[in-house]
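Colleague: Got a file for you: run-v7.txt, compact mmCIF, C-alpha atoms.
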```txt
# COMPACT_ATOMS: atom_id res chain seq x y z
CA MET R 3 29.45 -67.48 -33.66
CA SER R 4 29.18 -65.43 -30.49
CA LEU R 5 31.27 -66.07 -27.41
CA GLU R 6 29.98 -65.10 -23.99
CA ARG R 7 32.20 -62.91 -21.89
CA PRO R 8 33.56 -65.06 -19.01
CA GLU R 9 32.08 -62.80 -16.34
CA SER R 10 28.59 -63.10 -17.84
CA SER R 11 28.67 -66.88 -17.48
CA SER R 12 30.52 -67.23 -14.18
CA ASP R 13 29.10 -67.45 -10.68
CA ILE R 14 32.44 -66.49 -9.11
CA VAL R 15 35.11 -64.25 -10.64
CA VAL R 16 38.52 -64.22 -8.95
CA SER R 17 40.78 -61.23 -9.59
CA TRP R 18 44.37 -60.77 -8.55
CA LEU R 19 45.47 -57.32 -9.63
CA PHE R 20 48.18 -54.88 -8.59
CA SER R 21 46.06 -51.92 -7.50
CA ALA R 22 42.65 -50.59 -6.59
CA ALA R 23 42.73 -48.56 -9.83
CA GLN R 24 43.08 -51.76 -11.87
CA LEU R 25 40.26 -53.40 -9.90
CA HIS R 26 38.02 -50.39 -10.55
CA GLN R 27 38.92 -50.48 -14.27
CA LEU R 28 37.99 -54.18 -14.43
CA ALA R 29 34.64 -53.61 -12.77
CA ALA R 30 33.43 -50.17 -13.88
CA GLY R 31 31.83 -48.81 -17.03
CA PRO R 32 29.65 -50.40 -19.70
CA ALA R 33 32.22 -53.12 -20.48
CA GLY R 34 33.00 -53.81 -16.81
CA LEU R 35 32.11 -56.58 -14.46
CA VAL R 36 29.34 -54.67 -12.66
CA ALA R 37 27.41 -54.10 -15.89
CA ASN R 38 28.01 -57.57 -17.33
CA ALA R 39 28.09 -60.02 -14.44
CA ARG R 40 25.45 -62.67 -13.89
CA PRO R 41 22.87 -61.88 -11.26
CA ARG R 42 24.30 -62.89 -7.84
CA ALA R 43 27.83 -63.20 -9.26
CA ILE R 44 30.58 -62.83 -6.68
CA LEU R 45 33.87 -61.01 -7.19
CA VAL R 46 36.69 -62.36 -5.03
CA SER R 47 39.41 -59.72 -4.92
CA HIS R 48 42.93 -60.83 -4.01
CA THR R 49 44.10 -57.26 -4.71
CA THR R 50 45.80 -55.42 -1.86
CA GLY R 51 44.15 -52.14 -2.75
CA ALA R 52 41.60 -49.84 -1.11
CA VAL R 53 38.61 -50.75 1.02
CA SER R 54 36.71 -47.84 -0.56
CA THR R 55 36.95 -49.50 -3.99
CA LEU R 56 35.51 -52.75 -2.64
CA LYS R 57 32.65 -50.93 -0.91
CA ARG R 58 31.89 -48.88 -4.03
CA LEU R 59 31.62 -52.05 -6.14
CA ALA R 60 29.39 -53.69 -3.53
CA ALA R 61 27.17 -50.58 -3.48
CA GLU R 62 26.81 -50.89 -7.27
CA GLY R 63 25.21 -54.30 -6.77
CA LEU R 64 28.12 -56.70 -7.19
CA GLY R 65 28.72 -59.39 -4.57
CA VAL R 66 32.23 -58.56 -3.33
CA ILE R 67 34.63 -60.48 -1.10
CA ASP R 68 38.01 -59.11 -0.04
CA ALA R 69 40.55 -61.90 0.09
CA PRO R 70 44.12 -60.64 0.30
CA VAL R 71 46.82 -63.29 0.31
CA SER R 72 50.11 -64.04 1.97
CA GLY R 73 52.64 -66.54 0.72
CA THR R 74 55.24 -67.42 -1.87
CA ALA R 75 55.12 -69.10 -5.27
CA GLN R 76 56.08 -72.34 -3.51
CA ASP R 77 53.16 -71.91 -1.10
CA ILE R 78 50.81 -71.55 -4.07
CA ALA R 79 52.20 -74.69 -5.72
CA GLU R 80 51.77 -76.63 -2.47
CA GLY R 81 48.25 -75.28 -1.74
CA ARG R 82 49.50 -73.47 1.37
CA LEU R 83 48.71 -69.90 0.38
CA ALA R 84 47.19 -68.01 3.32
CA VAL R 85 44.02 -66.11 2.45
CA LEU R 86 42.18 -63.68 4.69
CA ILE R 87 38.53 -63.34 3.70
CA GLY R 88 35.99 -60.66 4.52
CA GLY R 89 32.47 -60.04 3.35
CA PRO R 90 28.85 -61.03 3.87
CA THR R 91 28.63 -64.46 5.51
CA ASP R 92 26.48 -66.01 2.76
CA LEU R 93 28.95 -64.94 0.06
CA VAL R 94 31.96 -66.04 2.10
CA ASP R 95 30.34 -69.46 2.66
CA GLU R 96 29.87 -69.78 -1.10
CA VAL R 97 33.48 -69.01 -2.06
CA VAL R 98 35.41 -70.79 0.72
CA PRO R 99 35.36 -74.20 -1.08
CA LEU R 100 36.88 -72.58 -4.19
CA LEU R 101 39.56 -70.78 -2.19
CA ALA R 102 40.35 -73.97 -0.26
CA SER R 103 41.39 -75.55 -3.56
CA TYR R 104 44.53 -73.39 -3.54
CA ALA R 105 44.75 -71.89 -0.07
CA ASP R 106 45.27 -73.19 3.44
CA PRO R 107 44.48 -71.55 5.74
CA VAL R 108 41.45 -69.50 4.68
CA VAL R 109 40.81 -67.18 7.62
CA ARG R 110 37.46 -65.41 7.98
CA THR R 111 37.91 -61.89 9.32
CA GLY R 112 34.39 -60.39 9.34
CA ASP R 113 32.66 -57.77 7.20
CA LEU R 114 33.71 -56.54 3.76
CA GLY R 115 37.02 -54.71 4.06
CA SER R 116 38.11 -56.39 7.30
CA ALA R 117 40.52 -58.78 5.57
CA LEU R 118 42.10 -56.02 3.53
CA ARG R 119 42.50 -53.80 6.60
CA LEU R 120 44.19 -56.66 8.45
CA LYS R 121 46.53 -57.30 5.49
CA LEU R 122 47.46 -53.60 5.33
CA VAL R 123 48.29 -53.58 9.06
CA ASN R 124 50.37 -56.74 8.53
CA ASN R 125 52.22 -55.07 5.64
CA ALA R 126 52.91 -51.97 7.74
CA LEU R 127 54.25 -54.05 10.64
CA PHE R 128 56.43 -56.08 8.25
CA ALA R 129 57.84 -52.89 6.70
CA ALA R 130 58.54 -51.41 10.16
CA ASN R 131 60.43 -54.54 11.16
CA VAL R 132 62.49 -54.56 7.98
```
Represent the structure of the file as structure tokens.
Modeller:
Amino acid sequence: MSLERPESSSDIVVSWLFSAAQLHQLAAGPAGLVANARPRAILVSHTTGAVSTLKRLAAEGLGVIDAPVSGTAQDIAEGRLAVLIGGPTDLVDEVVPLLASYADPVVRTGDLGSALRLKLVNNALFAANV
């Protein structure tokens, strides 16, 4: 019996990793998402990492959405997690209903990388205030 890898049978893959390096490891190489994803598969990255990693994955042919989050465990449980979302409009339109199942609000920010840049500015301002 052969089991399909989840990414080869999924239209949307959501990742929530700690770093851009982990996101690259997930996606790169012969065993990675780029090489094994379905045609037109979309990667939704909740990782607060590097815009350059997202753009590199998109250039390799993967549909990529940056979707950093803000909220607590309680917000997640109550469906009130805030998600910023950036990427091509057609891909964003496709993933918003999925994100709305656990996030409110889902805020569109523009092109790929725009949501992550906004999140990084927010983090810097928060750290300066602390």
Colleague: List as a JSON list (two decimals) with C-alpha atoms, in the frame of the given file the protein and nucleic acid residues near Ala102 of chain R, meaning an atom at most 10 Å away when only C-alpha atoms are counted, but skip any in the same chain fewer than 3 places from it.
Modeller:
```json
[["chain", "number", "residue", "atom", "x", "y", "z"],
["R", 81, "GLY", "CA", 48.25, -75.28, -1.74],
["R", 82, "ARG", "CA", 49.50, -73.47, 1.37],
["R", 83, "LEU", "CA", 48.71, -69.90, 0.38],
["R", 84, "ALA", "CA", 47.19, -68.01, 3.32],
["R", 85, "VAL", "CA", 44.02, -66.11, 2.45],
["R", 97, "VAL", "CA", 33.48, -69.01, -2.06],
["R", 98, "VAL", "CA", 35.41, -70.79, 0.72],
["R", 99, "PRO", "CA", 35.36, -74.20, -1.08],
["R", 105, "ALA", "CA", 44.75, -71.89, -0.07],
["R", 106, "ASP", "CA", 45.27, -73.19, 3.44],
["R", 107, "PRO", "CA", 44.48, -71.55, 5.74],
["R", 108, "VAL", "CA", 41.45, -69.50, 4.68]]
```
Colleague: What is the atom CA of Ala117 of chain R-atom CA of Ser12 of chain R distance in Å, reported with one decimal?
Modeller: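 Separating atom CA of Ala117 of chain R from atom CA of Ser12 of chain R is a distance of 23.7 Å.
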Colleague: State, in Å with one decimal place, the distance from atom CA of Thr50 of chain R to atom CA of Leu122 of chain R.
Modeller: 7.6 Å
Colleague: So, counting only C-alpha atoms, which residue among R:Ile67, R:Asp77, R:Glu62, R:Val53 is closest to Leu118 of chain R?
Modeller: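 Smallest separation from Leu118 of chain R among the options: R:Val53.
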Colleague: When distances are computed from only C-alpha atoms, which of R:Leu64, R:Val109, R:Tyr104, R:Gln27 shows the smallest separation from Gln76 of chain R?
Modeller: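 When distances to Gln76 of chain R are compared using only C-alpha atoms, the smallest one comes from R:Tyr104.
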Colleague: So how far away is atom CA of Ser11 of chain R from atom CA of Arg40 of chain R, in Å?
Modeller: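 Separating atom CA of Arg40 of chain R from atom CA of Ser11 of chain R is a distance of 6.4 Å.
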Colleague: Closest to Leu86 of chain R among R:Thr111, R:Thr55, R:Thr74, R:Asn125, using all atoms listed in the file?
Modeller: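 Distance minimum relative to Leu86 of chain R lands on R:Thr111.
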Colleague: Using all atoms listed in the file, can you tell me which of R:Ser103, R:Ser72, R:Ser54, R:Thr49 comes closest to Gly115 of chain R?
Modeller: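 Checking each of R:Ser103, R:Ser72, R:Ser54, R:Thr49 against Gly115 of chain R, counting all atoms listed in the file, the winner is R:Ser54.
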Colleague: Please provide the set of residues having any atom within 12 Å of Leu35 of chain R, restricted to all atoms listed in the file, with same-chain residues fewer than 5 positions apart removed, written as number ranges by chain.
Modeller: R: 7-17, 25-30, 40-41, 43-46, 59-60, 62-66
Colleague: Near Leu114 of chain R, counting all atoms listed in the file, which residues have an atom at most 10 Å away, once you skip same-chain residues fewer than 5 positions from it, shown as a list in words?
Modeller: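 Listed by chain and then number, they are Val53, Leu56, Lys57, Ala60, Val66, Ile67, Asp68, Ala69, Ile87, Gly88, Gly89, Pro90, Thr91, Val94 and Arg119 of chain R.
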